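Source file: protein25.cif (mmCIF, C-alpha atoms)
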```cif
data_work
loop_
_atom_site.label_atom_id
_atom_site.label_comp_id
_atom_site.auth_asym_id
_atom_site.auth_seq_id
_atom_site.Cartn_x
_atom_site.Cartn_y
_atom_site.Cartn_z
CA MET A 13 138.49 109.19 125.66
CA LYS A 14 134.79 108.32 125.17
CA ASN A 15 133.95 104.60 125.05
CA PHE A 16 137.53 103.77 126.07
CA GLN A 17 136.17 100.94 128.21
CA ASN A 18 134.67 99.17 125.18
CA LEU A 19 137.81 99.80 123.12
CA PHE A 20 140.14 98.44 125.74
CA LEU A 21 137.83 95.49 126.36
CA ALA A 22 137.91 94.66 122.62
CA TRP A 23 141.73 94.72 122.62
CA ILE A 24 141.82 92.51 125.72
CA VAL A 25 139.26 90.08 124.24
CA VAL A 26 141.32 89.64 121.07
CA TRP A 27 144.48 88.64 122.86
CA ALA A 28 142.75 86.80 125.72
CA VAL A 29 141.03 84.46 123.24
CA PHE A 30 144.33 83.80 121.47
CA PHE A 31 146.14 83.33 124.79
CA VAL A 32 143.56 80.95 126.28
CA TYR A 33 143.47 78.98 123.03
CA GLU A 34 147.27 78.73 122.87
CA VAL A 35 147.42 77.58 126.50
CA SER A 36 144.80 74.90 125.80
CA VAL A 37 146.76 73.66 122.76
CA ALA A 38 150.03 73.65 124.73
CA ARG A 39 148.38 71.65 127.55
CA ARG A 40 146.97 69.11 125.10
CA ILE A 41 150.43 68.76 123.50
CA ALA A 42 152.08 68.21 126.91
CA HIS A 43 149.46 65.60 127.83
CA LEU A 44 149.93 63.72 124.54
CA ARG A 45 153.73 63.80 124.90
CA ASP A 46 153.40 62.19 128.33
CA GLU A 47 151.05 59.54 126.95
CA ILE A 48 153.41 58.80 124.04
CA GLU A 49 156.33 58.44 126.46
CA ARG A 50 154.26 56.05 128.59
CA LEU A 51 153.37 53.87 125.58
CA LYS A 52 156.99 53.84 124.36
CA ARG A 53 158.13 52.73 127.81
CA GLN A 54 155.46 50.04 127.82
CA LEU A 55 156.69 48.76 124.43
CA ARG A 56 160.35 48.76 125.53
CA GLU A 57 159.55 46.83 128.69
CA GLY A 58 157.49 44.34 126.63
CA MET B 29 163.40 76.63 119.18
CA LYS B 30 165.28 79.92 118.78
CA LEU B 31 163.20 80.75 115.71
CA ARG B 32 160.04 79.99 117.68
CA LEU B 33 161.15 82.29 120.53
CA ALA B 34 162.03 85.06 118.06
CA GLY B 35 158.61 84.64 116.41
CA THR B 36 156.82 84.84 119.77
CA ILE B 37 158.73 88.01 120.77
CA ALA B 38 158.05 89.59 117.35
CA ALA B 39 154.33 88.74 117.59
CA ALA B 40 154.13 90.11 121.16
CA LEU B 41 155.79 93.39 120.09
CA LEU B 42 153.44 93.70 117.12
CA ILE B 43 150.44 93.08 119.39
CA ILE B 44 151.52 95.87 121.76
CA PHE B 45 152.40 98.27 118.95
CA GLY B 46 149.22 97.39 117.02
CA GLY B 47 147.10 98.08 120.11
CA TYR B 48 148.88 101.39 120.75
CA ALA B 49 148.58 102.47 117.11
CA ALA B 50 144.88 101.58 116.95
CA LEU B 51 144.03 103.37 120.20
CA PHE B 52 146.29 106.42 119.99
CA ILE B 53 147.88 106.91 116.53
CA ALA B 54 145.04 106.22 114.08
CA PRO B 55 142.99 109.34 113.25
CA GLU B 56 139.51 109.70 114.71
CA GLU B 57 136.63 108.76 112.42
CA ARG B 58 134.13 111.62 111.85
CA THR B 59 130.77 109.97 112.56
CA MET B 60 131.52 107.19 115.07
CA HIS B 61 134.46 108.90 116.80
CA GLU B 62 136.59 106.85 119.21
CA ILE B 63 134.59 103.61 119.17
CA GLN B 64 135.43 103.14 115.48
CA ARG B 65 138.94 102.11 116.61
CA ILE B 66 137.56 98.62 117.35
CA PHE B 67 137.58 98.30 113.54
CA TYR B 68 141.35 97.56 113.61
CA PHE B 69 140.94 94.47 115.83
CA HIS B 70 137.60 93.46 114.35
CA LEU B 71 138.64 93.44 110.69
CA ALA B 72 142.06 91.90 111.47
CA SER B 73 140.32 88.98 113.20
CA TRP B 74 138.05 88.41 110.18
CA ILE B 75 140.95 88.50 107.72
CA THR B 76 142.85 85.89 109.76
CA SER B 77 139.69 83.84 110.26
CA PHE B 78 138.91 83.70 106.53
CA THR B 79 142.56 82.85 105.79
CA ALA B 80 142.50 79.97 108.30
CA PHE B 81 139.21 78.65 106.85
CA PHE B 82 140.67 78.92 103.34
CA ILE B 83 143.73 76.88 104.42
CA ALA B 84 141.34 74.30 105.93
CA PHE B 85 139.36 74.20 102.68
CA VAL B 86 142.49 73.65 100.54
CA ALA B 87 143.66 70.95 102.99
CA ASN B 88 140.25 69.24 102.89
CA VAL B 89 140.25 69.14 99.09
CA ALA B 90 143.87 67.92 99.08
CA TYR B 91 143.00 65.17 101.58
CA LEU B 92 140.13 63.93 99.44
CA ALA B 93 142.44 63.87 96.42
CA THR B 94 145.48 62.23 98.06
CA ARG B 95 144.26 60.60 101.34
CA ARG B 96 147.45 61.71 103.06
CA ALA B 97 147.12 62.25 106.82
CA LYS B 98 149.13 65.49 106.71
CA TRP B 99 146.29 67.24 104.88
CA ASP B 100 143.85 66.11 107.56
CA TRP B 101 146.10 67.61 110.26
CA LEU B 102 146.29 70.86 108.32
CA GLY B 103 142.52 70.85 107.82
CA VAL B 104 141.68 70.52 111.50
CA ALA B 105 144.35 73.08 112.47
CA GLY B 106 142.86 75.58 110.00
CA ALA B 107 139.31 74.96 111.20
CA GLU B 108 140.15 75.34 114.89
CA VAL B 109 142.29 78.46 114.47
CA GLY B 110 139.56 79.87 112.21
CA VAL B 111 136.95 79.28 114.91
CA ALA B 112 139.15 81.09 117.48
CA CYS B 113 139.49 84.13 115.17
CA CYS B 114 135.79 83.96 114.27
CA THR B 115 134.94 84.02 118.00
CA ILE B 116 137.03 87.19 118.39
CA GLY B 117 135.14 88.79 115.49
CA LEU B 118 131.79 87.79 116.99
CA ILE B 119 132.73 89.36 120.36
CA THR B 120 134.35 92.57 119.07
CA GLY B 121 131.45 93.17 116.64
CA PRO B 122 128.78 93.58 119.34
CA LEU B 123 131.20 95.66 121.48
CA TRP B 124 131.37 98.05 118.53
CA ALA B 125 127.68 97.77 117.60
CA ARG B 126 126.22 98.62 121.03
CA PRO B 127 127.39 102.27 121.23
CA VAL B 128 126.84 102.89 117.48
CA TRP B 129 123.58 101.03 116.68
CA GLY B 130 122.17 100.96 120.20
CA ILE B 131 121.85 97.16 120.02
CA TRP B 132 124.33 94.33 120.55
CA TRP B 133 123.11 92.16 117.69
CA THR B 134 120.66 92.01 114.79
CA TRP B 135 119.77 89.15 112.47
CA ASP B 136 120.75 90.86 109.21
CA ALA B 137 122.28 88.91 106.32
CA ARG B 138 125.93 89.62 107.24
CA LEU B 139 125.61 88.80 110.93
CA THR B 140 123.40 85.77 110.38
CA THR B 141 125.67 84.19 107.75
CA THR B 142 128.63 84.88 110.05
CA PHE B 143 126.97 83.19 113.00
CA ILE B 144 126.11 80.22 110.75
CA LEU B 145 129.77 80.07 109.67
CA TRP B 146 130.86 79.84 113.31
CA LEU B 147 128.28 77.10 114.00
CA LEU B 148 129.33 75.18 110.87
CA TYR B 149 132.96 74.99 111.97
CA ILE B 150 132.05 74.23 115.59
CA SER B 151 130.04 71.31 114.16
CA TYR B 152 133.05 70.29 112.06
CA LEU B 153 135.14 70.02 115.23
CA LEU B 154 132.38 68.18 117.11
CA LEU B 155 131.91 65.77 114.21
CA ARG B 156 135.58 64.80 114.41
CA GLY B 157 135.18 63.95 118.07
CA LEU B 158 132.30 61.58 117.32
CA ILE B 159 134.06 59.34 114.78
CA GLU B 160 136.50 56.80 116.15
CA ASP B 161 138.09 55.40 112.98
CA PRO B 162 140.84 57.86 111.86
CA GLN B 163 140.38 57.35 108.11
CA ARG B 164 136.62 57.58 108.24
CA ARG B 165 136.93 60.67 110.46
CA ALA B 166 139.34 62.35 108.06
CA THR B 167 137.22 61.59 104.99
CA LEU B 168 133.88 62.64 106.47
CA SER B 169 135.26 65.81 108.02
CA ALA B 170 137.03 66.74 104.76
CA ILE B 171 133.74 66.40 102.83
CA TYR B 172 131.92 68.38 105.52
CA GLY B 173 134.72 71.01 105.57
CA VAL B 174 134.44 71.61 101.82
CA PHE B 175 130.71 72.32 102.17
CA ALA B 176 131.19 74.43 105.31
CA PHE B 177 133.60 76.70 103.41
CA LEU B 178 130.83 77.61 100.94
CA ASP B 179 129.50 79.98 103.61
CA VAL B 180 132.72 82.08 103.58
CA PRO B 181 132.05 83.77 100.19
CA LEU B 182 128.44 84.21 101.28
CA VAL B 183 129.56 86.08 104.43
CA TYR B 184 131.92 88.22 102.34
CA MET B 185 129.22 89.09 99.79
CA ALA B 186 126.31 89.46 102.26
CA ASN B 187 126.57 93.24 102.74
CA ARG B 188 127.23 93.72 99.03
CA LEU B 189 124.21 91.70 97.91
CA TRP B 190 121.64 92.71 100.53
CA ARG B 191 120.78 95.78 102.59
CA THR B 192 122.22 95.16 106.02
CA GLN B 193 122.57 96.91 109.36
CA HIS B 194 126.25 96.03 109.13
CA PRO B 195 128.05 98.87 107.27
CA GLN B 196 129.05 98.57 103.64
CA PRO B 197 132.68 97.50 103.02
CA VAL B 198 135.34 100.20 103.25
CA ILE B 199 137.95 98.09 101.48
CA LEU B 200 137.23 96.74 97.97
CA GLY B 201 133.74 98.16 98.30
CA GLY B 202 133.59 99.97 94.96
CA SER B 203 133.09 103.71 94.45
CA GLY B 204 132.66 105.73 97.62
CA SER B 205 134.63 103.26 99.72
CA GLY B 206 138.20 103.69 100.89
CA LEU B 207 140.36 104.26 103.92
CA ASP B 208 142.45 107.17 105.16
CA PRO B 209 146.15 106.34 104.45
CA MET B 210 147.08 106.44 108.16
CA MET B 211 144.10 104.23 109.04
CA GLY B 212 145.28 101.83 106.32
CA LYS B 213 148.78 101.65 107.85
CA VAL B 214 147.43 100.99 111.37
CA LEU B 215 145.11 98.32 109.99
CA LEU B 216 148.08 96.71 108.23
CA VAL B 217 150.05 96.56 111.53
CA CYS B 218 147.06 94.97 113.29
CA VAL B 219 146.57 92.45 110.47
CA ILE B 220 150.29 91.50 110.54
CA ALA B 221 150.13 91.11 114.36
CA SER B 222 147.05 88.94 114.03
CA PHE B 223 148.69 86.85 111.30
CA GLY B 224 151.83 86.45 113.40
CA VAL B 225 149.84 85.05 116.30
CA MET B 226 147.79 82.89 113.94
CA VAL B 227 150.93 81.31 112.47
CA LEU B 228 152.32 80.50 115.94
CA VAL B 229 149.05 78.94 117.13
CA PHE B 230 148.61 77.17 113.81
CA LEU B 231 152.01 75.48 114.04
CA ASP B 232 151.22 74.24 117.55
CA ARG B 233 147.79 72.99 116.54
CA TYR B 234 149.30 71.12 113.59
CA ARG B 235 151.91 69.59 115.92
CA LEU B 236 149.12 68.49 118.27
CA GLU B 237 147.38 66.60 115.48
CA GLN B 238 150.69 65.02 114.44
CA LEU B 239 151.22 63.81 118.01
CA ARG B 240 147.67 62.42 118.12
CA TYR B 241 148.46 60.35 115.05
CA GLU B 242 151.70 59.11 116.63
CA PHE B 243 149.83 58.27 119.84
CA GLU B 244 147.15 56.34 117.93
CA GLU B 245 149.78 54.27 116.10
CA LEU B 246 151.62 53.44 119.34
CA ARG B 247 148.37 52.55 121.09
CA GLN B 248 147.49 50.12 118.30
CA GLU B 249 150.94 48.55 118.50
CA VAL B 250 150.64 48.10 122.26
CA GLU B 251 147.18 46.56 121.84
CA SER B 252 148.32 44.13 119.13
CA ARG B 253 151.30 43.06 121.27
CA THR B 254 149.04 42.50 124.25
CA VAL B 255 146.70 40.32 122.15
CA GLU B 256 149.73 38.45 120.76
CA SER B 257 151.20 37.70 124.19
CA GLN B 258 147.79 36.64 125.52
CA SER B 259 147.31 34.13 122.68
CA ILE B 260 150.86 32.77 123.24
CA SER B 261 150.21 32.24 126.97
CA GLU B 262 146.86 30.59 126.20
CA LYS B 263 148.56 28.20 123.73
CA GLY B 264 151.19 27.41 126.38
CA ARG B 265 148.47 26.45 128.85
CA THR B 266 146.73 24.11 126.38
#
```

Please lay out the structure from this file as structure tokens.
Amino acid sequence: MKNFQNLFLAWIVVWAVFFVYEVSVARRIAHLRDEIERLKRQLREG
Amino acid sequence: MKLRLAGTIAAALLIIFGGYAALFIAPEERTMHEIQRIFYFHLASWITSFTAFFIAFVANVAYLATRRAKWDWLGVAGAEVGVACCTIGLITGPLWARPVWGIWWTWDARLTTTFILWLLYISYLLLRGLIEDPQRRATLSAIYGVFAFLDVPLVYMANRLWRTQHPQPVILGGSGSGLDPMMGKVLLVCVIASFGVMVLVFLDRYRLEQLRYEFEELRQEVESRTVESQSISEKGRT
């Protein structure tokens, strides 16, 4: 198939961007959850 | 959680099937041949991008009308997901253009307004990072977001209003436009796959903003308690 390299690259780019973005969002969520837990603990302990 | 897992599996299957259909099932286009198959990923990314920006626009208007934080969360989620989809469109476009036009990029009306759109929403996200006060941040970014969205209809109309290197629209492009029925079906699968992923990412991004709000409230509570206990101990000393 002619230009298959470009085609396959386009398909990879689409899902790689989504994947990297989703991973970054998931990491930010995990970090915030940890921070929220820390603050809650701090409030409980006075 | 089960629904989320089912959604992720469904989106993953659609991605694989969409990719297979675009590369192997869709009929070959007469003039561009195989490289035209990028169209299925390229257009799907633009449809999802415009949808995300539209959601952000509605949320921005709703925030200005109601001042409810939920609309602000929705607005930023829409803008960020829109930027991700816009980035995909801006990468797949040149990958398609190079073998067909012989160049990666040209500053015609469609491409230029699209690049401006991407910059406008990148600026929207940067602007949010620069303002500390949550209410001020939400208000200013909502006003900015409403104006940024004005570029979306301009991008859509650019190759209808002006002569561009970018091809004329094949869908809703008036007489002479249209798509082979099989090409239409493959495009639909790719658009659904793209939408599926967008919804999953969107929900997470919205959740992130919700958690940020929760974090901010807790942080303020901790700070006020610290100040309170400090003033009590100072009074005790005097």

(request) Specify as a PyMOL selection string all residues of chain B found within 8 Å of chain A, counting all atoms listed in the file. (result) chain B and resi 47+51+62-63+65-66+69+73+112-113+116+119-120+123-124+127+225+229+232-233+235-236+239-240+242-243+246-247+250

(request) Quick one: pull the distance between CA of Leu158 (chain B) and CA of Ala107 (chain B), Å, one decimal. (result) 16.3 Å

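Take CA of Gly173 (chain B) and CA of Arg156 (chain B): the distance between them is 10.8 Å.
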
(request) Please write the residues picked by the PyMOL selection byres ((chain B and resi 188) around 12) on this file as an MDAnalysis selection string. (result) chainID B and resid 137:138 181:187 189:202

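For Met211 (chain B), the set of protein, DNA and RNA residues having any atom at most 10 Å away, when counting only C-alpha atoms and skipping those fewer than 6 positions along the same chain, is Ala49, Ala50, Ile53, Ala54, Pro55, Glu56, Glu57, Arg65, Phe67 and Tyr68 of chain B.
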
(request) Grab the CA of Thr142 (chain B) to CA of Leu168 (chain B) distance for me, in Å with one decimal place. (result) 23.1 Å

Kindly provide, as AutoDock Vina command-line options, the centre and edge lengths (Å, one decimal) of an axis-aligned box around all atoms of region 132-151 of chain B given in the file, with 5 Å on each side.
```
--center_x 126.4 --center_y 82.8 --center_z 113.4 --size_x 23.2 --size_y 33.0 --size_z 24.2
```

(request) Output the residue selection produced by the PyMOL selection byres ((chain B and resi 162-166) around 10) on the file above, formatted as a PyMOL selection string. (result) chain B and resi 88+91-92+95-97+99-101+103-104+155-161+167-172+241+244

Quick one: everything within 7 Å of Ala72 (chain B), counting only C-alpha atoms, minus sequence neighbours fewer than 6 positions away in the same chain. Send it as a compact mmCIF listing (two decimals) with C-alpha atoms, in the frame of the given file.
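For reference, out.txt as written:
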```
# COMPACT_ATOMS: atom_id res chain seq x y z
CA CYS B 218 147.06 94.97 113.29
CA VAL B 219 146.57 92.45 110.47
CA SER B 222 147.05 88.94 114.03
```
